[in-house]
>>> print(open('protein-v6.txt').read())   # compact mmCIF, C-alpha atoms and all ligand atoms
# COMPACT_ATOMS: atom_id res chain seq x y z
CA MET A 1 -32.74 7.00 54.99
CA GLU A 2 -29.32 5.37 54.95
CA ILE A 3 -27.59 5.94 51.61
CA SER A 4 -24.50 4.09 50.30
CA PRO A 5 -22.77 5.10 47.08
CA SER A 6 -21.53 2.68 44.40
CA ASN A 7 -17.97 2.98 43.02
CA ASN A 8 -18.94 5.16 40.03
CA SER A 9 -20.88 7.71 42.07
CA CYS A 10 -20.53 11.24 43.35
CA ALA A 11 -21.17 11.83 47.07
CA TYR A 12 -24.88 11.90 47.91
CA GLY A 13 -26.32 15.41 47.94
CA GLN A 14 -23.49 16.87 45.83
CA PRO A 15 -23.80 18.13 42.24
CA GLY A 16 -23.33 15.28 39.76
CA ILE A 17 -24.76 11.78 39.37
CA PHE A 18 -25.23 9.70 42.50
CA ARG A 19 -25.60 5.93 42.03
CA GLY A 20 -26.07 3.65 44.98
CA TYR A 21 -28.55 2.11 47.35
CA LEU A 22 -30.90 3.40 50.00
CA ARG A 23 -32.36 1.76 53.07
CA PHE A 24 -35.46 3.18 54.68
CA ASP A 25 -35.60 3.94 58.41
CA ASN A 26 -38.71 1.83 59.08
CA PRO A 27 -37.49 -1.43 60.74
CA CYS A 28 -40.21 -3.32 58.85
CA LEU A 29 -38.22 -2.65 55.63
CA ALA A 30 -34.77 -3.45 57.07
CA ASP A 31 -34.17 -6.61 54.99
CA TYR A 32 -34.19 -4.71 51.68
CA SER A 33 -32.29 -1.94 49.94
CA TRP A 34 -33.39 0.04 46.89
CA PRO A 35 -31.29 1.12 43.89
CA LEU A 36 -31.16 4.91 43.70
CA CYS A 37 -29.88 7.29 41.02
CA GLU A 38 -30.02 10.99 41.83
CA ILE A 39 -28.93 13.64 39.34
CA ARG A 40 -28.25 17.01 40.92
CA GLY A 41 -27.43 20.33 39.28
CA ARG A 42 -25.07 22.96 40.68
CA ARG A 43 -27.93 25.37 41.35
CA PRO A 44 -30.68 24.49 43.85
CA GLY A 45 -34.18 24.11 42.48
CA PRO A 46 -37.18 21.80 42.18
CA ARG A 47 -36.99 18.13 43.12
CA LEU A 48 -38.62 15.46 40.95
CA CYS A 49 -38.87 11.84 42.16
CA VAL A 50 -39.48 9.09 39.59
CA SER A 51 -40.08 5.38 40.12
CA ALA A 52 -41.14 2.19 38.38
CA GLY A 53 -41.41 -1.46 39.28
CA VAL A 54 -44.23 -1.31 41.81
CA HIS A 55 -45.40 -4.00 39.38
CA VAL A 56 -42.21 -5.83 38.42
CA ASN A 57 -43.45 -7.21 35.10
CA GLU A 58 -44.31 -3.75 33.73
CA VAL A 59 -40.92 -3.72 32.07
CA SER A 60 -41.29 -0.82 29.62
CA SER A 61 -41.71 1.53 32.57
CA ILE A 62 -38.75 -0.03 34.43
CA GLU A 63 -36.59 0.35 31.30
CA ALA A 64 -37.71 4.01 31.09
CA ALA A 65 -36.51 4.54 34.69
CA VAL A 66 -33.11 3.10 33.70
CA ARG A 67 -32.77 5.18 30.51
CA LEU A 68 -33.79 8.42 32.24
CA GLN A 69 -30.70 8.12 34.46
CA ARG A 70 -28.50 8.72 31.39
CA LEU A 71 -30.62 11.38 29.71
CA ILE A 72 -30.39 14.08 32.38
CA ASP A 73 -27.17 16.11 32.49
CA PRO A 74 -26.20 17.45 35.95
CA GLU A 75 -24.18 20.22 34.25
CA THR A 76 -27.29 21.79 32.71
CA ILE A 77 -30.11 21.16 35.19
CA VAL A 78 -31.42 23.17 38.13
CA GLY A 79 -32.46 21.18 41.22
CA SER A 80 -32.56 17.38 41.20
CA VAL A 81 -34.15 14.29 39.69
CA SER A 82 -34.19 11.20 41.92
CA ILE A 83 -34.95 7.79 40.41
CA ILE A 84 -35.78 4.40 42.01
CA PRO A 85 -36.18 2.02 39.06
CA LEU A 86 -37.72 -0.87 41.00
CA ILE A 87 -39.90 -0.29 44.08
CA ASN A 88 -41.25 -3.80 44.71
CA GLN A 89 -37.88 -5.31 45.70
CA PRO A 90 -39.37 -8.47 47.32
CA ALA A 91 -40.88 -9.35 43.89
CA PHE A 92 -37.60 -8.85 41.97
CA TYR A 93 -36.66 -12.11 40.17
CA LYS A 94 -39.95 -13.60 41.36
CA TYR A 95 -42.08 -12.03 38.58
CA THR A 96 -44.95 -11.64 41.04
CA GLN A 97 -48.00 -10.15 39.36
CA LEU A 98 -49.62 -7.04 40.86
CA VAL A 99 -48.83 -7.67 44.54
CA CYS A 100 -45.92 -7.60 46.97
CA PRO A 101 -45.12 -11.24 47.89
CA ILE A 102 -44.45 -10.41 51.55
CA ASP A 103 -47.98 -9.36 52.48
CA GLY A 104 -49.96 -10.06 49.30
CA ARG A 105 -50.94 -6.39 49.05
CA ASN A 106 -51.01 -4.36 45.83
CA ILE A 107 -48.60 -1.49 46.64
CA ASN A 108 -50.33 0.57 43.94
CA PHE A 109 -53.53 0.76 45.98
CA THR A 110 -51.92 1.25 49.41
CA PHE A 111 -50.90 4.96 49.40
CA PRO A 112 -50.45 6.91 51.64
CA GLY A 113 -49.57 3.74 53.59
CA ASN A 114 -49.02 3.35 57.30
CA ARG A 115 -45.76 3.54 59.22
CA HIS A 116 -46.97 0.84 61.63
CA GLY A 117 -48.70 -1.37 59.06
CA THR A 118 -47.72 -4.30 56.82
CA PHE A 119 -44.61 -4.29 54.58
CA SER A 120 -46.48 -2.65 51.66
CA GLU A 121 -48.08 -0.06 53.92
CA ALA A 122 -44.71 0.75 55.50
CA LEU A 123 -43.11 0.97 52.05
CA CYS A 124 -45.73 3.43 50.77
CA ASP A 125 -45.24 5.55 53.89
CA SER A 126 -41.45 5.56 53.46
CA VAL A 127 -41.61 6.29 49.71
CA MET A 128 -43.87 9.22 50.45
CA ASN A 129 -42.35 10.60 53.64
CA GLU A 130 -38.65 9.68 53.45
CA TRP A 131 -37.64 9.49 49.79
CA CYS A 132 -40.21 11.94 48.37
CA GLU A 133 -40.02 14.31 51.33
CA GLY A 134 -39.84 17.85 49.97
CA ALA A 135 -40.33 16.68 46.36
CA ASP A 136 -42.27 19.03 44.08
CA CYS A 137 -43.61 16.08 42.12
CA TYR A 138 -43.55 12.27 42.21
CA VAL A 139 -44.12 10.21 39.06
CA ASP A 140 -44.74 6.46 39.31
CA MET A 141 -44.54 4.67 35.95
CA HIS A 142 -46.55 1.52 35.12
CA GLY A 143 -47.98 -0.38 32.20
CA GLY A 144 -49.22 -3.88 31.41
CA ASP A 145 -48.45 -6.77 33.73
CA LEU A 146 -47.85 -10.26 32.26
CA ARG A 147 -51.52 -10.78 31.34
CA GLU A 148 -52.48 -7.18 30.52
CA LYS A 149 -52.29 -4.61 27.77
CA VAL A 150 -52.85 -0.93 28.54
CA SER A 151 -53.47 2.14 26.39
CA LYS A 152 -51.07 5.05 26.69
CA PHE A 153 -52.49 7.09 29.56
CA SER A 154 -51.56 9.28 32.48
CA MET A 155 -53.33 9.85 35.79
CA PHE A 156 -53.67 12.66 38.29
CA GLN A 157 -55.95 13.09 41.30
CA HIS A 158 -58.89 15.48 41.24
CA THR A 159 -58.96 17.30 44.56
CA PRO A 160 -60.96 20.13 46.19
CA ASN A 161 -57.62 22.01 46.32
CA ALA A 162 -58.09 23.92 43.04
CA GLU A 163 -54.44 24.86 42.67
CA LEU A 164 -53.25 21.26 43.12
CA ASP A 165 -56.02 20.01 40.84
CA ALA A 166 -54.89 22.35 38.04
CA LEU A 167 -51.22 21.49 38.57
CA GLY A 168 -52.00 17.76 38.46
CA ARG A 169 -53.82 18.15 35.16
CA ARG A 170 -51.04 20.28 33.68
CA MET A 171 -48.39 17.71 34.63
CA ALA A 172 -50.48 14.73 33.44
CA MET A 173 -50.80 16.54 30.09
CA CYS A 174 -46.98 16.36 29.79
CA PHE A 175 -47.39 12.76 28.60
CA ASP A 176 -48.23 12.15 24.94
CA ALA A 177 -51.23 10.16 26.13
CA GLU A 178 -54.31 8.84 24.39
CA ILE A 179 -56.22 9.44 27.63
CA VAL A 180 -55.55 11.73 30.61
CA MET A 181 -57.42 10.35 33.62
CA GLY A 182 -58.37 12.68 36.44
CA LEU A 183 -59.26 10.28 39.24
CA PRO A 184 -62.52 11.25 40.99
CA ALA A 185 -62.14 13.15 44.28
CA ALA A 186 -64.16 10.40 46.06
CA ASP A 187 -61.10 8.10 45.62
CA MET A 188 -59.38 10.17 48.33
CA GLU A 189 -61.60 8.62 51.01
CA HIS A 190 -59.69 5.31 50.78
CA PRO A 191 -56.07 4.18 50.38
CA GLY A 192 -55.22 4.33 46.69
CA ARG A 193 -52.69 5.01 43.98
CA PRO A 194 -49.80 7.46 44.56
CA PRO A 195 -51.71 10.46 43.11
CA THR A 196 -54.56 9.74 45.54
CA GLY A 197 -52.41 9.18 48.64
CA PHE A 198 -50.29 12.26 47.94
CA ALA A 199 -53.32 14.48 47.25
CA ARG A 200 -54.68 13.65 50.70
CA TYR A 201 -51.71 15.63 52.03
CA ASN A 202 -51.96 18.33 49.33
CA ARG A 203 -48.94 16.92 47.52
CA LEU A 204 -48.48 16.18 43.82
CA ALA A 205 -48.04 12.69 42.36
CA LEU A 206 -48.79 11.33 38.90
CA MET A 207 -48.84 7.99 37.14
CA SER A 208 -48.07 6.99 33.57
CA GLU A 209 -49.26 3.76 31.97
CA ALA A 210 -47.98 2.17 28.75
CA GLY A 211 -46.93 -1.36 27.88
CA ALA A 212 -48.06 -4.97 27.76
CA ASN A 213 -47.30 -8.56 28.71
CA GLY A 214 -43.78 -8.21 30.10
CA LEU A 215 -42.46 -7.03 26.73
CA LEU A 216 -39.99 -4.21 26.14
CA ASP A 217 -41.64 -1.94 23.60
CA GLU A 218 -39.88 1.16 22.28
CA GLY A 219 -43.11 3.14 21.84
CA SER A 220 -44.09 2.54 25.47
CA ILE A 221 -40.58 3.20 26.79
CA SER A 222 -40.34 6.55 24.99
CA PHE A 223 -43.87 7.49 26.13
CA HIS A 224 -42.68 7.25 29.75
CA VAL A 225 -39.25 8.82 29.11
CA GLU A 226 -40.54 11.81 27.12
CA GLY A 227 -43.38 12.43 29.58
CA VAL A 228 -41.02 12.57 32.55
CA LEU A 229 -38.60 14.84 30.65
CA ASN A 230 -41.54 17.12 29.80
CA ILE A 231 -42.48 17.26 33.49
CA ALA A 232 -38.86 18.17 34.32
CA ARG A 233 -39.06 20.93 31.67
CA THR A 234 -42.38 22.20 33.04
CA LEU A 235 -40.96 22.26 36.59
CA GLY A 236 -37.95 24.24 35.30
CA ILE A 237 -35.38 21.51 36.09
CA ILE A 238 -34.47 21.05 32.42
CA GLU A 239 -34.31 23.98 30.02
CA GLY A 240 -36.43 24.11 26.88
CA SER A 241 -40.04 23.63 25.88
CA VAL A 242 -42.06 20.41 25.93
CA THR A 243 -41.91 18.11 22.91
CA PRO A 244 -44.85 18.10 20.44
CA PHE A 245 -47.83 15.84 21.18
CA LEU A 246 -49.19 13.38 18.61
CA ASN A 247 -51.95 11.79 20.69
CA ALA A 248 -55.29 13.34 21.64
CA ARG A 249 -54.73 13.52 25.44
CA ILE A 250 -58.50 13.24 25.97
CA PRO A 251 -59.45 14.29 29.53
CA CYS A 252 -61.47 11.61 31.32
CA ASP A 253 -62.79 11.63 34.87
CA LYS A 254 -64.40 8.25 35.46
CA TYR A 255 -62.52 4.96 35.72
CA LEU A 256 -64.97 2.06 35.41
CA TRP A 257 -63.72 -1.47 36.15
CA LEU A 258 -65.25 -4.29 34.10
CA GLU A 259 -65.60 -7.72 35.65
CA SER A 260 -65.96 -11.02 33.88
CA PRO A 261 -69.63 -12.05 33.97
CA ALA A 262 -68.76 -15.79 33.90
CA ASP A 263 -65.93 -18.26 34.43
CA GLY A 264 -64.37 -18.84 31.02
CA GLU A 265 -62.29 -17.61 28.11
CA PHE A 266 -62.57 -13.92 27.24
CA HIS A 267 -62.31 -13.06 23.55
CA ALA A 268 -61.91 -9.30 23.12
CA GLU A 269 -63.48 -7.38 20.25
CA ALA A 270 -61.95 -4.00 21.14
CA GLU A 271 -58.42 -2.89 21.99
CA PRO A 272 -56.99 -0.49 24.58
CA GLY A 273 -57.24 3.07 23.28
CA ASP A 274 -60.39 2.37 21.20
CA ARG A 275 -63.33 4.75 21.55
CA VAL A 276 -66.39 2.68 22.47
CA ALA A 277 -70.12 3.45 22.40
CA LYS A 278 -72.46 2.78 25.31
CA GLY A 279 -73.60 -0.84 25.05
CA GLN A 280 -70.96 -1.75 22.46
CA ARG A 281 -69.86 -5.36 22.71
CA LEU A 282 -66.26 -5.49 23.94
CA GLY A 283 -66.00 -9.26 23.80
CA THR A 284 -67.52 -12.56 24.78
CA VAL A 285 -66.80 -15.20 27.40
CA SER A 286 -66.98 -18.80 26.24
CA ASP A 287 -66.41 -22.18 27.84
CA LEU A 288 -63.86 -24.83 26.86
CA PHE A 289 -66.37 -26.29 24.38
CA GLY A 290 -66.43 -22.98 22.50
CA GLN A 291 -69.95 -22.16 23.61
CA THR A 292 -70.64 -18.48 24.34
CA LEU A 293 -71.63 -17.97 27.98
CA ALA A 294 -71.87 -14.19 28.23
CA GLU A 295 -71.21 -10.93 26.45
CA VAL A 296 -69.21 -8.02 27.88
CA ARG A 297 -70.63 -4.62 26.92
CA ALA A 298 -69.45 -1.08 27.61
CA PRO A 299 -71.53 0.35 30.51
CA ARG A 300 -70.87 3.90 29.27
CA ALA A 301 -69.50 5.61 26.17
CA GLY A 302 -65.77 6.20 26.55
CA PHE A 303 -62.41 4.65 25.87
CA PHE A 304 -61.16 1.12 26.45
CA LEU A 305 -58.36 1.90 28.93
CA TRP A 306 -56.81 -1.55 29.27
CA ARG A 307 -57.75 -5.20 29.05
CA MET A 308 -56.60 -8.63 30.11
CA THR A 309 -54.80 -10.43 27.26
CA HIS A 310 -54.77 -13.90 28.84
CA PRO A 311 -58.25 -15.15 28.00
CA THR A 312 -58.82 -17.34 31.06
CA ILE A 313 -60.64 -15.22 33.63
CA PRO A 314 -62.82 -16.30 36.56
CA LYS A 315 -66.23 -14.76 37.15
CA GLY A 316 -65.98 -11.44 39.01
CA SER A 317 -62.32 -10.81 38.16
CA PRO A 318 -61.29 -7.67 36.28
CA ILE A 319 -61.39 -7.98 32.50
CA GLY A 320 -60.52 -4.36 31.69
CA ALA A 321 -61.62 -0.80 32.31
CA ILE A 322 -63.45 2.05 30.57
CA ALA A 323 -62.49 5.71 30.87
CA VAL A 324 -65.39 8.16 30.56
CA GLU A 325 -64.65 11.52 28.94
CA GLU A 326 -65.17 14.48 31.26
CA LYS A 327 -68.17 16.68 30.50
CA GLN A 328 -67.30 19.76 28.50
CA ALA A 329 -68.18 23.04 30.20
CA GLY A 330 -71.34 24.76 28.92
ZN ZN B 1 -48.95 -1.31 37.28
>>> encode(input="protein-v6.txt", output="structure tokens")
Amino acid sequence: MEISPSNNSCAYGQPGIFRGYLRFDNPCLADYSWPLCEIRGRRPGPRLCVSAGVHVNEVSSIEAAVRLQRLIDPETIVGSVSIIPLINQPAFYKYTQLVCPIDGRNINFTFPGNRHGTFSEALCDSVMNEWCEGADCYVDMHGGDLREKVSKFSMFQHTPNAELDALGRRMAMCFDAEIVMGLPAADMEHPGRPPTGFARYNRLALMSEAGANGLLDEGSISFHVEGVLNIARTLGIIEGSVTPFLNARIPCDKYLWLESPADGEFHAEAEPGDRVAKGQRLGTVSDLFGQTLAEVRAPRAGFFLWRMTHPTIPKGSPIGAIAVEEKQAG
């Protein structure tokens, strides 16, 4: 990495607050630089990396990455917190939904990436192996692109590594979430989200989701901010105990995508965060004459995790997702 400080910054790697830009070593990424804020205490300790803006319209999470920079005091912390508030730089000011405009790939499903691959693959590799090298934990914040609304949830990766599995759950529980999603271990067979890509190398990454429709929303912003601060407390970077939780933090372990059964206008009858019964109608799809073409029903009992808010959806495209509660022991 090549790191250049801004005027109001301490030297990189020194105690204090670094503000500046980084360039990754991979030549595929040479045209871009990334804003970086790194807060470092006087005593060495754990390293936490935090990012947002893989999806550039998920603005509550980007705002959380900005606010966090001013909420962590280098005089009182141990170790460091490193923040990149906007990962998908090629989409900045383009408002591109879900993908990176250079290669059309969704960065969020490309981890662990590939050093010799496309721009998004190279970026995932560099995030993981340059910026997050040696990090104890990586948190990537998301929540509600321009046409989506998500419940408040966090994600970790279930893995055969029992110690990492337990640590992932413990850190995901640091968010005051409605749902805590443990992604199924089978996800590790393919490129995936940061928790999945990191777990393949026995490393810890988490995701938080809250927000909707390109709107700044204080409840969503504070969900991300407080969750990350709680992770920093749990890692021992910040002193003090975690803040109280108001939401149920229901552990779920199946993430079921719902596709639109017909071309048309989706009218939802449930909202993200709602508990739904198996077979419950979640909405209908109608045509431009107002005639109902199809019903969308919950394939399993669980929770409505997120849904599209823009009604116009082609057949076979995602309409939302259901989280299935994990089976209780015994
Ligand atoms: Zn996202």
>>> residues_near_ligand(input="protein-v6.txt", ligand="ligand ZN 1 (chain B)", cutoff="8 Å", atoms="all atoms listed in the file", output="list in words")
Gly53, Val54, His55, Glu58, Leu98, Asn108, Met141, His142, Gly143, Gly144, Asp145 and Glu209 of chain A
>>> closest_residue(input="protein-v6.txt", among="A:Gly192, A:Gly45, A:Gly283, A:Pro244", to="Glu271 (chain A)", atoms="all atoms listed in the file")
A:Gly283
>>> closest_residue(input="protein-v6.txt", among="A:Met128, A:Leu22, A:Ile17, A:Met155", to="Glu75 (chain A)", atoms="all atoms listed in the file")
A:Ile17
>>> atom_distance(input="protein-v6.txt", atom1="CA of Asp165 (chain A)", atom2="CA of Gly182 (chain A)")
8.9 Å
>>> closest_residue(input="protein-v6.txt", among="A:Gln89, A:Thr312, A:Ser220, A:Asn230", to="Ala172 (chain A)", atoms="all atoms listed in the file")
A:Asn230
>>> residues_near_point(input="protein-v6.txt", point="(-52.5, 15.6, 45.1)", cutoff="9 Å", atoms="all atoms listed in the file", output="list in words")
Phe156, Gln157, His158, Thr159, Asn161, Leu164, Asp165, Leu167, Gly168, Pro194, Pro195, Thr196, Gly197, Phe198, Ala199, Arg200, Tyr201, Asn202, Arg203, Leu204, Ala205 and Leu206 of chain A
>>> write_last_selection(input="protein-v6.txt", atoms="C-alpha atoms", output="compact mmCIF listing (two decimals), in the coordinates of the input")
# COMPACT_ATOMS: atom_id res chain seq x y z
CA PHE A 156 -53.67 12.66 38.29
CA GLN A 157 -55.95 13.09 41.30
CA HIS A 158 -58.89 15.48 41.24
CA THR A 159 -58.96 17.30 44.56
CA ASN A 161 -57.62 22.01 46.32
CA LEU A 164 -53.25 21.26 43.12
CA ASP A 165 -56.02 20.01 40.84
CA LEU A 167 -51.22 21.49 38.57
CA GLY A 168 -52.00 17.76 38.46
CA PRO A 194 -49.80 7.46 44.56
CA PRO A 195 -51.71 10.46 43.11
CA THR A 196 -54.56 9.74 45.54
CA GLY A 197 -52.41 9.18 48.64
CA PHE A 198 -50.29 12.26 47.94
CA ALA A 199 -53.32 14.48 47.25
CA ARG A 200 -54.68 13.65 50.70
CA TYR A 201 -51.71 15.63 52.03
CA ASN A 202 -51.96 18.33 49.33
CA ARG A 203 -48.94 16.92 47.52
CA LEU A 204 -48.48 16.18 43.82
CA ALA A 205 -48.04 12.69 42.36
CA LEU A 206 -48.79 11.33 38.90
>>> residues_around(input="protein-v6.txt", residues="Tyr95 (chain A)", least_positions_apart="3", cutoff="7 Å", atoms="all atoms listed in the file", output="number ranges by chain")
A: 56-57, 91-92
>>> atom_distance(input="protein-v6.txt", atom1="CA of Cys174 (chain A)", atom2="CA of Leu36 (chain A)")
24.0 Å
>>> residues_around(input="protein-v6.txt", residues="His267 (chain A)", least_positions_apart="4", cutoff="9 Å", atoms="only C-alpha atoms", output="number ranges by chain")
A: 282-286, 309, 311
